[in-house]
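Heads up, input_36.cif below (mmCIF, C-alpha atoms):
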data_work
loop_
_atom_site.group_PDB
_atom_site.id
_atom_site.type_symbol
_atom_site.label_atom_id
_atom_site.label_comp_id
_atom_site.auth_asym_id
_atom_site.auth_seq_id
_atom_site.Cartn_x
_atom_site.Cartn_y
_atom_site.Cartn_z
ATOM 1 C CA MET A 1 -7.779 -23.037 13.280
ATOM 2 C CA LEU A 2 -6.685 -19.619 12.004
ATOM 3 C CA VAL A 3 -9.439 -17.189 10.957
ATOM 4 C CA VAL A 4 -8.518 -14.543 8.355
ATOM 5 C CA ALA A 5 -10.834 -11.784 7.114
ATOM 6 C CA THR A 6 -10.363 -10.129 3.710
ATOM 7 C CA LEU A 7 -11.430 -6.560 4.249
ATOM 8 C CA SER A 8 -12.019 -3.349 2.345
ATOM 9 C CA LEU A 9 -14.279 -0.423 3.131
ATOM 10 C CA LYS A 10 -14.477 0.567 -0.526
ATOM 11 C CA GLY A 11 -16.268 -1.558 -3.082
ATOM 12 C CA GLY A 12 -14.719 -2.799 -6.291
ATOM 13 C CA VAL A 13 -11.113 -3.176 -5.151
ATOM 14 C CA GLY A 14 -11.035 -6.991 -5.349
ATOM 15 C CA LYS A 15 -11.373 -8.333 -1.807
ATOM 16 C CA THR A 16 -13.377 -11.323 -3.131
ATOM 17 C CA THR A 17 -10.621 -11.906 -5.682
ATOM 18 C CA VAL A 18 -8.135 -12.052 -2.802
ATOM 19 C CA ALA A 19 -10.345 -14.398 -0.755
ATOM 20 C CA LEU A 20 -10.674 -16.727 -3.756
ATOM 21 C CA GLY A 21 -6.971 -16.543 -4.620
ATOM 22 C CA LEU A 22 -5.994 -17.364 -1.050
ATOM 23 C CA ALA A 23 -8.484 -20.252 -1.011
ATOM 24 C CA GLY A 24 -7.022 -21.584 -4.261
ATOM 25 C CA ALA A 25 -3.493 -21.384 -2.856
ATOM 26 C CA ALA A 26 -4.623 -23.242 0.279
ATOM 27 C CA LEU A 27 -6.205 -25.963 -1.870
ATOM 28 C CA GLN A 28 -3.040 -26.245 -3.962
ATOM 29 C CA HIS A 29 -0.931 -26.667 -0.809
ATOM 30 C CA ASP A 30 -3.283 -29.089 0.988
ATOM 31 C CA VAL A 31 -4.353 -26.652 3.705
ATOM 32 C CA ARG A 32 -7.871 -27.639 4.806
ATOM 33 C CA THR A 33 -9.932 -24.484 4.391
ATOM 34 C CA LEU A 34 -13.421 -23.070 4.909
ATOM 35 C CA VAL A 35 -14.502 -19.919 3.049
ATOM 36 C CA VAL A 36 -17.208 -17.935 4.878
ATOM 37 C CA ASP A 37 -19.126 -15.810 2.364
ATOM 38 C CA LEU A 38 -20.413 -12.865 4.435
ATOM 39 C CA ASP A 39 -21.014 -10.583 1.456
ATOM 40 C CA PRO A 40 -24.741 -10.513 0.548
ATOM 41 C CA GLN A 41 -23.727 -10.499 -3.137
ATOM 42 C CA ALA A 42 -22.488 -14.086 -2.532
ATOM 43 C CA ASN A 43 -19.884 -13.850 -5.305
ATOM 44 C CA SER A 44 -17.493 -16.202 -3.505
ATOM 45 C CA THR A 45 -20.216 -18.846 -3.235
ATOM 46 C CA ILE A 46 -20.890 -18.615 -6.980
ATOM 47 C CA ALA A 47 -17.210 -18.681 -7.998
ATOM 48 C CA LEU A 48 -16.474 -21.625 -5.684
ATOM 49 C CA ASP A 49 -19.126 -23.680 -7.502
ATOM 50 C CA THR A 50 -20.896 -25.007 -4.413
ATOM 51 C CA ALA A 51 -23.636 -27.618 -4.270
ATOM 52 C CA PRO A 52 -27.124 -26.578 -3.024
ATOM 53 C CA THR A 53 -27.535 -26.371 0.750
ATOM 54 C CA THR A 54 -30.505 -26.393 3.105
ATOM 55 C CA ALA A 55 -29.291 -23.239 4.914
ATOM 56 C CA THR A 56 -26.982 -20.249 4.390
ATOM 57 C CA VAL A 57 -24.758 -18.047 6.517
ATOM 58 C CA ALA A 58 -27.843 -15.852 7.094
ATOM 59 C CA ASP A 59 -29.503 -18.762 8.926
ATOM 60 C CA VAL A 60 -26.311 -19.412 10.881
ATOM 61 C CA LEU A 61 -26.302 -15.793 12.068
ATOM 62 C CA ASP A 62 -29.944 -16.236 13.111
ATOM 63 C CA GLU A 63 -29.159 -19.368 15.072
ATOM 64 C CA PRO A 64 -25.532 -20.542 15.301
ATOM 65 C CA ARG A 65 -26.339 -24.137 16.241
ATOM 66 C CA ARG A 66 -24.346 -27.076 14.910
ATOM 67 C CA SER A 67 -27.246 -28.490 12.901
ATOM 68 C CA VAL A 68 -27.818 -25.144 11.136
ATOM 69 C CA LEU A 69 -24.080 -24.805 10.480
ATOM 70 C CA HIS A 70 -24.041 -28.286 8.976
ATOM 71 C CA GLY A 71 -26.865 -27.368 6.605
ATOM 72 C CA ALA A 72 -25.070 -24.216 5.432
ATOM 73 C CA ILE A 73 -21.652 -25.730 4.602
ATOM 74 C CA ALA A 74 -21.027 -27.214 1.171
ATOM 75 C CA ARG A 75 -17.981 -28.679 -0.529
ATOM 76 C CA SER A 76 -16.486 -26.402 -3.145
ATOM 77 C CA GLY A 77 -16.500 -27.639 -6.715
ATOM 78 C CA TRP A 78 -12.805 -26.735 -6.809
ATOM 79 C CA GLY A 79 -11.864 -29.929 -4.975
ATOM 80 C CA ASP A 80 -11.665 -31.820 -1.700
ATOM 81 C CA GLY A 81 -10.226 -29.901 1.214
ATOM 82 C CA LEU A 82 -12.073 -26.657 0.452
ATOM 83 C CA ASP A 83 -15.563 -26.024 1.868
ATOM 84 C CA VAL A 84 -17.868 -23.003 1.831
ATOM 85 C CA LEU A 85 -20.212 -21.533 4.406
ATOM 86 C CA VAL A 86 -22.475 -20.305 1.636
ATOM 87 C CA GLY A 87 -23.627 -16.729 1.229
ATOM 88 C CA ALA A 88 -27.036 -15.401 0.265
ATOM 89 C CA GLU A 89 -28.757 -12.103 -0.422
ATOM 90 C CA GLN A 90 -30.712 -12.603 2.820
ATOM 91 C CA THR A 91 -27.501 -12.013 4.795
ATOM 92 C CA GLU A 92 -28.153 -8.287 4.314
ATOM 93 C CA ARG A 93 -30.798 -8.457 7.050
ATOM 94 C CA HIS A 94 -27.928 -8.932 9.507
ATOM 95 C CA ASN A 95 -26.017 -5.848 8.388
ATOM 96 C CA HIS A 96 -27.285 -3.493 11.102
ATOM 97 C CA PRO A 97 -25.363 -0.220 11.458
ATOM 98 C CA ASP A 98 -25.397 -0.388 15.275
ATOM 99 C CA PRO A 99 -25.402 -4.086 16.294
ATOM 100 C CA SER A 100 -25.630 -5.371 19.836
ATOM 101 C CA PRO A 101 -22.743 -7.343 21.413
ATOM 102 C CA LYS A 102 -24.818 -10.534 21.015
ATOM 103 C CA GLN A 103 -25.297 -9.900 17.291
ATOM 104 C CA LEU A 104 -21.586 -9.260 16.840
ATOM 105 C CA ASP A 105 -20.758 -12.526 18.602
ATOM 106 C CA GLN A 106 -22.922 -14.844 16.469
ATOM 107 C CA LEU A 107 -20.313 -15.628 13.829
ATOM 108 C CA ARG A 108 -17.577 -16.262 16.401
ATOM 109 C CA ARG A 109 -19.900 -18.641 18.254
ATOM 110 C CA ALA A 110 -20.717 -20.461 15.010
ATOM 111 C CA LEU A 111 -17.042 -20.925 14.113
ATOM 112 C CA GLN A 112 -16.344 -22.273 17.586
ATOM 113 C CA ARG A 113 -18.833 -25.036 16.791
ATOM 114 C CA LEU A 114 -16.364 -26.247 14.141
ATOM 115 C CA VAL A 115 -13.831 -27.111 16.818
ATOM 116 C CA HIS A 116 -14.475 -30.397 18.644
ATOM 117 C CA ALA A 117 -17.269 -31.113 16.158
ATOM 118 C CA ASP A 118 -16.948 -34.873 16.812
ATOM 119 C CA GLY A 119 -18.048 -35.778 13.312
ATOM 120 C CA LEU A 120 -21.460 -34.109 13.634
ATOM 121 C CA LEU A 121 -20.928 -31.799 10.669
ATOM 122 C CA GLY A 122 -21.225 -34.477 8.012
ATOM 123 C CA ASP A 123 -19.157 -36.520 5.593
ATOM 124 C CA HIS A 124 -18.353 -33.591 3.322
ATOM 125 C CA MET A 125 -16.231 -31.844 5.936
ATOM 126 C CA ALA A 126 -12.643 -31.312 4.879
ATOM 127 C CA GLY A 127 -10.722 -32.923 7.698
ATOM 128 C CA GLU A 128 -10.855 -35.442 10.475
ATOM 129 C CA GLY A 129 -10.490 -35.171 14.227
ATOM 130 C CA ASP A 130 -11.234 -32.298 16.534
ATOM 131 C CA ASP A 131 -10.412 -29.432 14.149
ATOM 132 C CA PRO A 132 -11.694 -29.997 10.605
ATOM 133 C CA TYR A 133 -10.099 -26.822 9.169
ATOM 134 C CA GLN A 134 -6.636 -25.310 9.408
ATOM 135 C CA LEU A 135 -7.761 -22.037 7.849
ATOM 136 C CA VAL A 136 -11.018 -20.060 7.705
ATOM 137 C CA ILE A 137 -11.230 -17.198 5.173
ATOM 138 C CA ILE A 138 -14.029 -14.664 5.686
ATOM 139 C CA ASP A 139 -15.038 -12.622 2.631
ATOM 140 C CA CYS A 140 -16.507 -9.397 4.095
ATOM 141 C CA PRO A 141 -18.882 -6.906 2.458
ATOM 142 C CA PRO A 142 -17.434 -3.450 1.622
ATOM 143 C CA SER A 143 -19.113 -1.645 4.521
ATOM 144 C CA LEU A 144 -18.581 -1.334 8.264
ATOM 145 C CA GLY A 145 -21.878 -2.710 9.537
ATOM 146 C CA GLN A 146 -22.679 -5.774 11.591
ATOM 147 C CA LEU A 147 -21.342 -8.252 9.012
ATOM 148 C CA THR A 148 -17.828 -6.816 8.726
ATOM 149 C CA ARG A 149 -17.634 -6.122 12.441
ATOM 150 C CA SER A 150 -18.760 -9.713 13.141
ATOM 151 C CA ALA A 151 -15.929 -10.949 10.933
ATOM 152 C CA LEU A 152 -13.407 -8.810 12.820
ATOM 153 C CA ALA A 153 -14.793 -10.027 16.137
ATOM 154 C CA ALA A 154 -14.193 -13.633 15.000
ATOM 155 C CA ALA A 155 -10.888 -13.223 13.119
ATOM 156 C CA HIS A 156 -7.254 -13.528 14.156
ATOM 157 C CA ARG A 157 -5.877 -11.729 11.098
ATOM 158 C CA ALA A 158 -7.177 -9.191 8.571
ATOM 159 C CA VAL A 159 -5.916 -8.723 5.009
ATOM 160 C CA LEU A 160 -6.613 -5.130 3.952
ATOM 161 C CA VAL A 161 -7.266 -5.036 0.210
ATOM 162 C CA THR A 162 -6.940 -1.956 -1.967
ATOM 163 C CA ASP A 163 -6.190 -0.840 -5.483
ATOM 164 C CA PRO A 164 -3.763 2.006 -6.227
ATOM 165 C CA THR A 165 -6.321 4.830 -6.511
ATOM 166 C CA MET A 166 -6.907 7.873 -4.326
ATOM 167 C CA PHE A 167 -10.259 6.852 -2.825
ATOM 168 C CA ALA A 168 -9.166 3.263 -2.192
ATOM 169 C CA VAL A 169 -6.105 4.478 -0.273
ATOM 170 C CA ALA A 170 -8.414 6.420 2.059
ATOM 171 C CA GLY A 171 -10.463 3.221 2.430
ATOM 172 C CA VAL A 172 -7.399 1.327 3.681
ATOM 173 C CA GLN A 173 -6.968 3.843 6.485
ATOM 174 C CA ARG A 174 -10.614 3.357 7.520
ATOM 175 C CA ALA A 175 -10.231 -0.415 7.381
ATOM 176 C CA PHE A 176 -7.073 -0.267 9.497
ATOM 177 C CA ASP A 177 -8.872 1.925 12.025
ATOM 178 C CA ALA A 178 -11.753 -0.592 12.119
ATOM 179 C CA VAL A 179 -9.293 -3.406 12.925
ATOM 180 C CA GLN A 180 -7.683 -1.381 15.698
ATOM 181 C CA THR A 181 -11.093 -0.447 17.139
ATOM 182 C CA GLU A 182 -12.195 -4.082 17.219
ATOM 183 C CA ARG A 183 -8.957 -5.098 18.936
ATOM 184 C CA GLN A 184 -9.618 -2.558 21.669
ATOM 185 C CA ARG A 185 -13.324 -3.350 21.861
ATOM 186 C CA GLY A 186 -13.055 -7.063 22.547
ATOM 187 C CA ASN A 187 -10.825 -9.099 20.225
ATOM 188 C CA PRO A 188 -7.182 -8.599 21.286
ATOM 189 C CA ASP A 189 -6.139 -11.577 19.108
ATOM 190 C CA LEU A 190 -6.971 -9.617 15.938
ATOM 191 C CA GLN A 191 -4.000 -8.240 13.968
ATOM 192 C CA PRO A 192 -3.725 -6.647 10.502
ATOM 193 C CA LEU A 193 -1.785 -9.179 8.425
ATOM 194 C CA GLY A 194 -0.929 -6.701 5.702
ATOM 195 C CA VAL A 195 -2.131 -4.422 2.915
ATOM 196 C CA LEU A 196 -2.438 -6.202 -0.434
ATOM 197 C CA ILE A 197 -2.486 -3.915 -3.482
ATOM 198 C CA ASN A 198 -4.608 -5.219 -6.356
ATOM 199 C CA ARG A 199 -5.009 -4.321 -10.050
ATOM 200 C CA VAL A 200 -1.584 -2.770 -10.436
ATOM 201 C CA ARG A 201 -0.556 -1.730 -13.945
ATOM 202 C CA PRO A 202 3.155 -1.466 -14.752
ATOM 203 C CA ARG A 203 4.553 1.907 -15.764
ATOM 204 C CA ASN A 204 1.373 3.685 -14.601
ATOM 205 C CA THR A 205 2.408 6.957 -12.934
ATOM 206 C CA GLU A 206 -0.720 7.271 -10.788
ATOM 207 C CA HIS A 207 -0.390 3.688 -9.565
ATOM 208 C CA GLU A 208 3.279 4.212 -8.710
ATOM 209 C CA PHE A 209 2.413 7.365 -6.761
ATOM 210 C CA ARG A 210 -0.378 5.660 -4.771
ATOM 211 C CA ILE A 211 1.795 2.625 -3.988
ATOM 212 C CA SER A 212 4.518 4.937 -2.655
ATOM 213 C CA GLU A 213 1.881 6.759 -0.608
ATOM 214 C CA LEU A 214 0.660 3.481 0.897
ATOM 215 C CA ARG A 215 4.209 2.423 1.766
ATOM 216 C CA GLU A 216 4.848 5.774 3.400
ATOM 217 C CA MET A 217 1.640 5.447 5.447
ATOM 218 C CA PHE A 218 1.797 1.771 6.410
ATOM 219 C CA GLY A 219 5.479 0.856 6.092
ATOM 220 C CA PRO A 220 6.228 -2.896 6.257
ATOM 221 C CA LEU A 221 2.522 -3.669 6.571
ATOM 222 C CA VAL A 222 2.258 -3.192 2.783
ATOM 223 C CA LEU A 223 2.897 -6.601 1.242
ATOM 224 C CA THR A 224 5.803 -6.808 -1.173
ATOM 225 C CA GLY A 225 3.908 -8.803 -3.759
ATOM 226 C CA VAL A 226 1.256 -6.795 -5.605
ATOM 227 C CA LEU A 227 -1.500 -8.282 -7.739
ATOM 228 C CA PRO A 228 -1.191 -7.307 -11.405
ATOM 229 C CA ASP A 229 -4.194 -6.147 -13.424
ATOM 230 C CA ARG A 230 -4.657 -9.306 -15.506
ATOM 231 C CA SER A 231 -7.737 -10.484 -17.434
ATOM 232 C CA ALA A 232 -6.866 -14.065 -16.434
ATOM 233 C CA ILE A 233 -8.182 -13.387 -12.927
ATOM 234 C CA GLN A 234 -11.652 -12.483 -14.190
ATOM 235 C CA GLN A 235 -11.576 -15.322 -16.724
ATOM 236 C CA ALA A 236 -10.794 -17.912 -14.046
ATOM 237 C CA GLN A 237 -13.559 -16.582 -11.800
ATOM 238 C CA GLY A 238 -16.022 -16.648 -14.702
ATOM 239 C CA ALA A 239 -15.128 -20.295 -15.328
ATOM 240 C CA CYS A 240 -15.521 -21.082 -11.574
ATOM 241 C CA MET A 241 -11.905 -22.251 -11.425
ATOM 242 C CA PRO A 242 -9.040 -21.336 -9.111
ATOM 243 C CA ILE A 243 -6.509 -18.995 -10.683
ATOM 244 C CA GLN A 244 -3.898 -21.660 -9.871
ATOM 245 C CA ARG A 245 -5.401 -23.872 -12.619
ATOM 246 C CA TRP A 246 -5.703 -21.165 -15.270
ATOM 247 C CA ASP A 247 -2.675 -21.787 -17.448
ATOM 248 C CA THR A 248 -1.616 -18.373 -18.742
ATOM 249 C CA PRO A 249 1.368 -16.150 -17.873
ATOM 250 C CA GLY A 250 -0.931 -13.640 -16.132
ATOM 251 C CA ALA A 251 -2.544 -16.377 -14.066
ATOM 252 C CA ARG A 252 0.837 -17.770 -13.020
ATOM 253 C CA GLU A 253 1.935 -14.271 -11.998
ATOM 254 C CA ALA A 254 -1.166 -13.822 -9.814
ATOM 255 C CA SER A 255 -0.875 -17.346 -8.421
ATOM 256 C CA ALA A 256 2.651 -16.630 -7.189
ATOM 257 C CA VAL A 257 1.362 -13.625 -5.214
ATOM 258 C CA PHE A 258 -1.330 -15.754 -3.571
ATOM 259 C CA THR A 259 1.240 -18.406 -2.635
ATOM 260 C CA LEU A 260 3.312 -15.705 -0.914
ATOM 261 C CA LEU A 261 0.171 -14.475 0.873
ATOM 262 C CA LEU A 262 -0.666 -17.990 2.073
ATOM 263 C CA GLY A 263 2.871 -18.365 3.420
ATOM 264 C CA ARG A 264 2.531 -15.120 5.359
ATOM 265 C CA VAL A 265 -0.848 -16.260 6.732
ATOM 266 C CA LEU A 266 0.510 -19.607 7.922
ATOM 267 C CA ARG A 267 3.634 -18.045 9.446
ATOM 268 C CA SER A 268 1.451 -15.602 11.379
ATOM 269 C CA ASP A 269 -0.407 -18.527 12.962
ATOM 270 C CA ARG A 270 2.864 -19.835 14.426
ATOM 271 C CA ARG A 271 3.606 -16.583 16.206
ATOM 272 C CA ARG A 272 0.230 -15.403 17.459
ATOM 273 C CA ASP A 273 1.284 -13.171 20.312
ATOM 274 C CA PRO A 274 -0.247 -9.920 21.614
ATOM 275 C CA ALA A 275 3.283 -8.532 21.872
ATOM 276 C CA ASP A 276 3.410 -8.539 18.048
ATOM 277 C CA ALA A 277 0.701 -5.845 17.884
ATOM 278 C CA VAL A 278 1.055 -3.401 15.007
ATOM 279 C CA THR A 279 0.914 0.237 15.992
ATOM 280 C CA ALA A 280 -1.315 2.648 14.122
ATOM 281 C CA PRO A 281 0.212 4.472 11.158
ATOM 282 C CA PRO A 282 -0.245 8.208 10.669
ATOM 283 C CA THR A 283 -3.665 9.240 9.391
ATOM 284 C CA THR A 284 -4.283 10.069 5.742
ATOM 285 C CA ARG A 285 -3.185 13.551 4.881
#

Would you encode the structure as structure tokens?
Amino acid sequence: MLVVATLSLKGGVGKTTVALGLAGAALQHDVRTLVVDLDPQANSTIALDTAPTTATVADVLDEPRRSVLHGAIARSGWGDGLDVLVGAEQTERHNHPDPSPKQLDQLRRALQRLVHADGLLGDHMAGEGDDPYQLVIIDCPPSLGQLTRSALAAAHRAVLVTDPTMFAVAGVQRAFDAVQTERQRGNPDLQPLGVLINRVRPRNTEHEFRISELREMFGPLVLTGVLPDRSAIQQAQGACMPIQRWDTPGAREASAVFTLLLGRVLRSDRRRDPADAVTAPPTTR
């Protein structure tokens, strides 16, 4: 089971869009997936059209027992093979600025309960056997408190999401530093998967400059495929549908980027090795 966090330390750059697009690509390619909605805004939960549950991720962070986890996981309305550990506004109570090691470990402990579940998590679970999910996608809030740090403590890979603006570029550096800090603090399995640039407009001079700046700073860590600024993405989310089912040219363009991202995610699972560690890029000038 590979755990991937979508991360940004600046709001409004589209990290939930990336989490949803990756989940849609996984559904399209029959990769059994759980989306963990750690953002107190719970936008992923809404867009994924989940059924009501008796608990939320906030309750799981209070008490990461199997029975609580079961009550907080719902099947996505997008289709079989995609489940959601549902978010809620109450999750904000867990976003302490200076969490204890035990608080940071709660999410990792909860996700470990998914392995060797022995059928105790209910009929709606996506898979069968010891490991019901191949992929877990954590949608983080845009701040470096307990919630985001808990995600990094539990994750194997982090997708750093940005848009091509000056302040967002600085946010990528902070997010990269947060990943490196968590690796050193206690999760050596964590690696930055790549920087995904969102809301790119063609022939926009400022966007071209910021993309070049990101590539100079982060080199091959910047993903080749960029997400275009297309209204289809917002339209699909508003209709609670995966972008992969929204039949417009803009949607197909975005869907292709998410397919490439899923391929990179799955390839990274086959070569999880501390020797592949990415070294820190130069700091923002």

- Query: Of the residues A:Ala158, A:Ala23, A:Met1, A:Leu221, which is the one nearest to Ile243 in chain A, using all atoms listed in the file?
  - Reply: A:Ala23

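For the pair CA of Thr50 in chain A and CA of Thr17 in chain A, the interatomic distance is 16.7 Å.
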
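In terms of minimum interatomic distance to Val4 in chain A, A:His156 ranks closest within A:Arg149, A:Arg201, A:Lys102, A:His156, counting all atoms listed in the file.
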
- Item | the PyMOL selection byres ((chain A and resi 222-228) around 10) resolved against shown file, as a count of residues only | 39

Enclose the full set of atoms of range 49-58 of chain A listed in the file within a box whose edges lie along x, y and z, apply 3 Å of padding to each of the six sides, and report centre and edge lengths in Å to one decimal as JSON.
{"center_x": -24.8, "center_y": -21.7, "center_z": -0.2, "size_x": 17.4, "size_y": 17.8, "size_z": 20.6}

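Put simply, CA of Pro132 in chain A is 19.6 Å away from CA of Leu20 in chain A.
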
- What is the distance, in Å and to one decimal place, between CA of Arg210 in chain A and CA of Val172 in chain A? 11.8 Å

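Within the file as shown, the PyMOL selection byres ((chain A and resi 38) around 7) identifies Val36, Asp37, Asp39, Pro40, Gly87, Ile138, Asp139, Cys140, Pro141 and Leu147 of chain A.
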
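Counting all atoms listed in the file, the residue from A:Leu135, A:Ala153, A:Ala58, A:Ala178 that sits nearest to Gly81 in chain A is A:Leu135.
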
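Nearest residue to Ser76 in chain A among A:Gln235, A:His96, A:Ile46, A:Leu104 is A:Ile46, counting only C-alpha atoms.
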
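The residue that comes closest to Trp246 in chain A, out of A:Pro99, A:Leu190, A:Gly24, A:Gly11 and on the basis of all atoms listed in the file, is A:Gly24.
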
- Note on the structure: If you count all atoms listed in the file, the residue of A:Glu89, A:Ser8, A:Arg75, A:Asn43 closest to Val179 in chain A turns out to be A:Ser8

- Who sits within 8 Å of range 238-241 of chain A, all atoms listed in the file, same chain under 4 positions skipped, as a PyMOL selection string: chain A and resi 46-49+78+234+245-246

Keeping only C-alpha atoms, write the selected residues as a tab-separated table (two decimals), in the frame of the given file.
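Okay, this is what ended up in part_36.tsv:
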chain	number	residue	atom	x	y	z
A	46	ILE	CA	-20.89	-18.61	-6.98
A	47	ALA	CA	-17.21	-18.68	-8.00
A	48	LEU	CA	-16.47	-21.62	-5.68
A	49	ASP	CA	-19.13	-23.68	-7.50
A	78	TRP	CA	-12.80	-26.74	-6.81
A	234	GLN	CA	-11.65	-12.48	-14.19
A	245	ARG	CA	-5.40	-23.87	-12.62
A	246	TRP	CA	-5.70	-21.16	-15.27

- Find the residues around Pro64 in chain A up to 7 Å (all atoms listed in the file counted), leave out those fewer than 5 positions away in its own chain, and share them as a ChimeraX atom specification. /A:69,106,109-110

Please produce a file of those selected residues containing C-alpha atoms, as a short mmCIF file (atom, residue, chain, number, x, y, z; two decimals), keeping the file's coordinate frame.
data_model
loop_
_atom_site.label_atom_id
_atom_site.label_comp_id
_atom_site.auth_asym_id
_atom_site.auth_seq_id
_atom_site.Cartn_x
_atom_site.Cartn_y
_atom_site.Cartn_z
CA LEU A 69 -24.08 -24.80 10.48
CA GLN A 106 -22.92 -14.84 16.47
CA ARG A 109 -19.90 -18.64 18.25
CA ALA A 110 -20.72 -20.46 15.01
#

- Would you kindly identify which residues have an atom no farther than 9 Å from (-10.8, -9.4, 20.9), using all atoms listed in the file and the file's own coordinates, and write them out as a PyMOL selection string? chain A and resi 152-156+182-190

- Task: Taking the file as shown, find all residues satisfying the PyMOL selection byres ((chain A and resi 174) around 12) and write them as number ranges by chain.
- Result: A: 7-10, 142-144, 160-162, 167-173, 175-181, 280-284
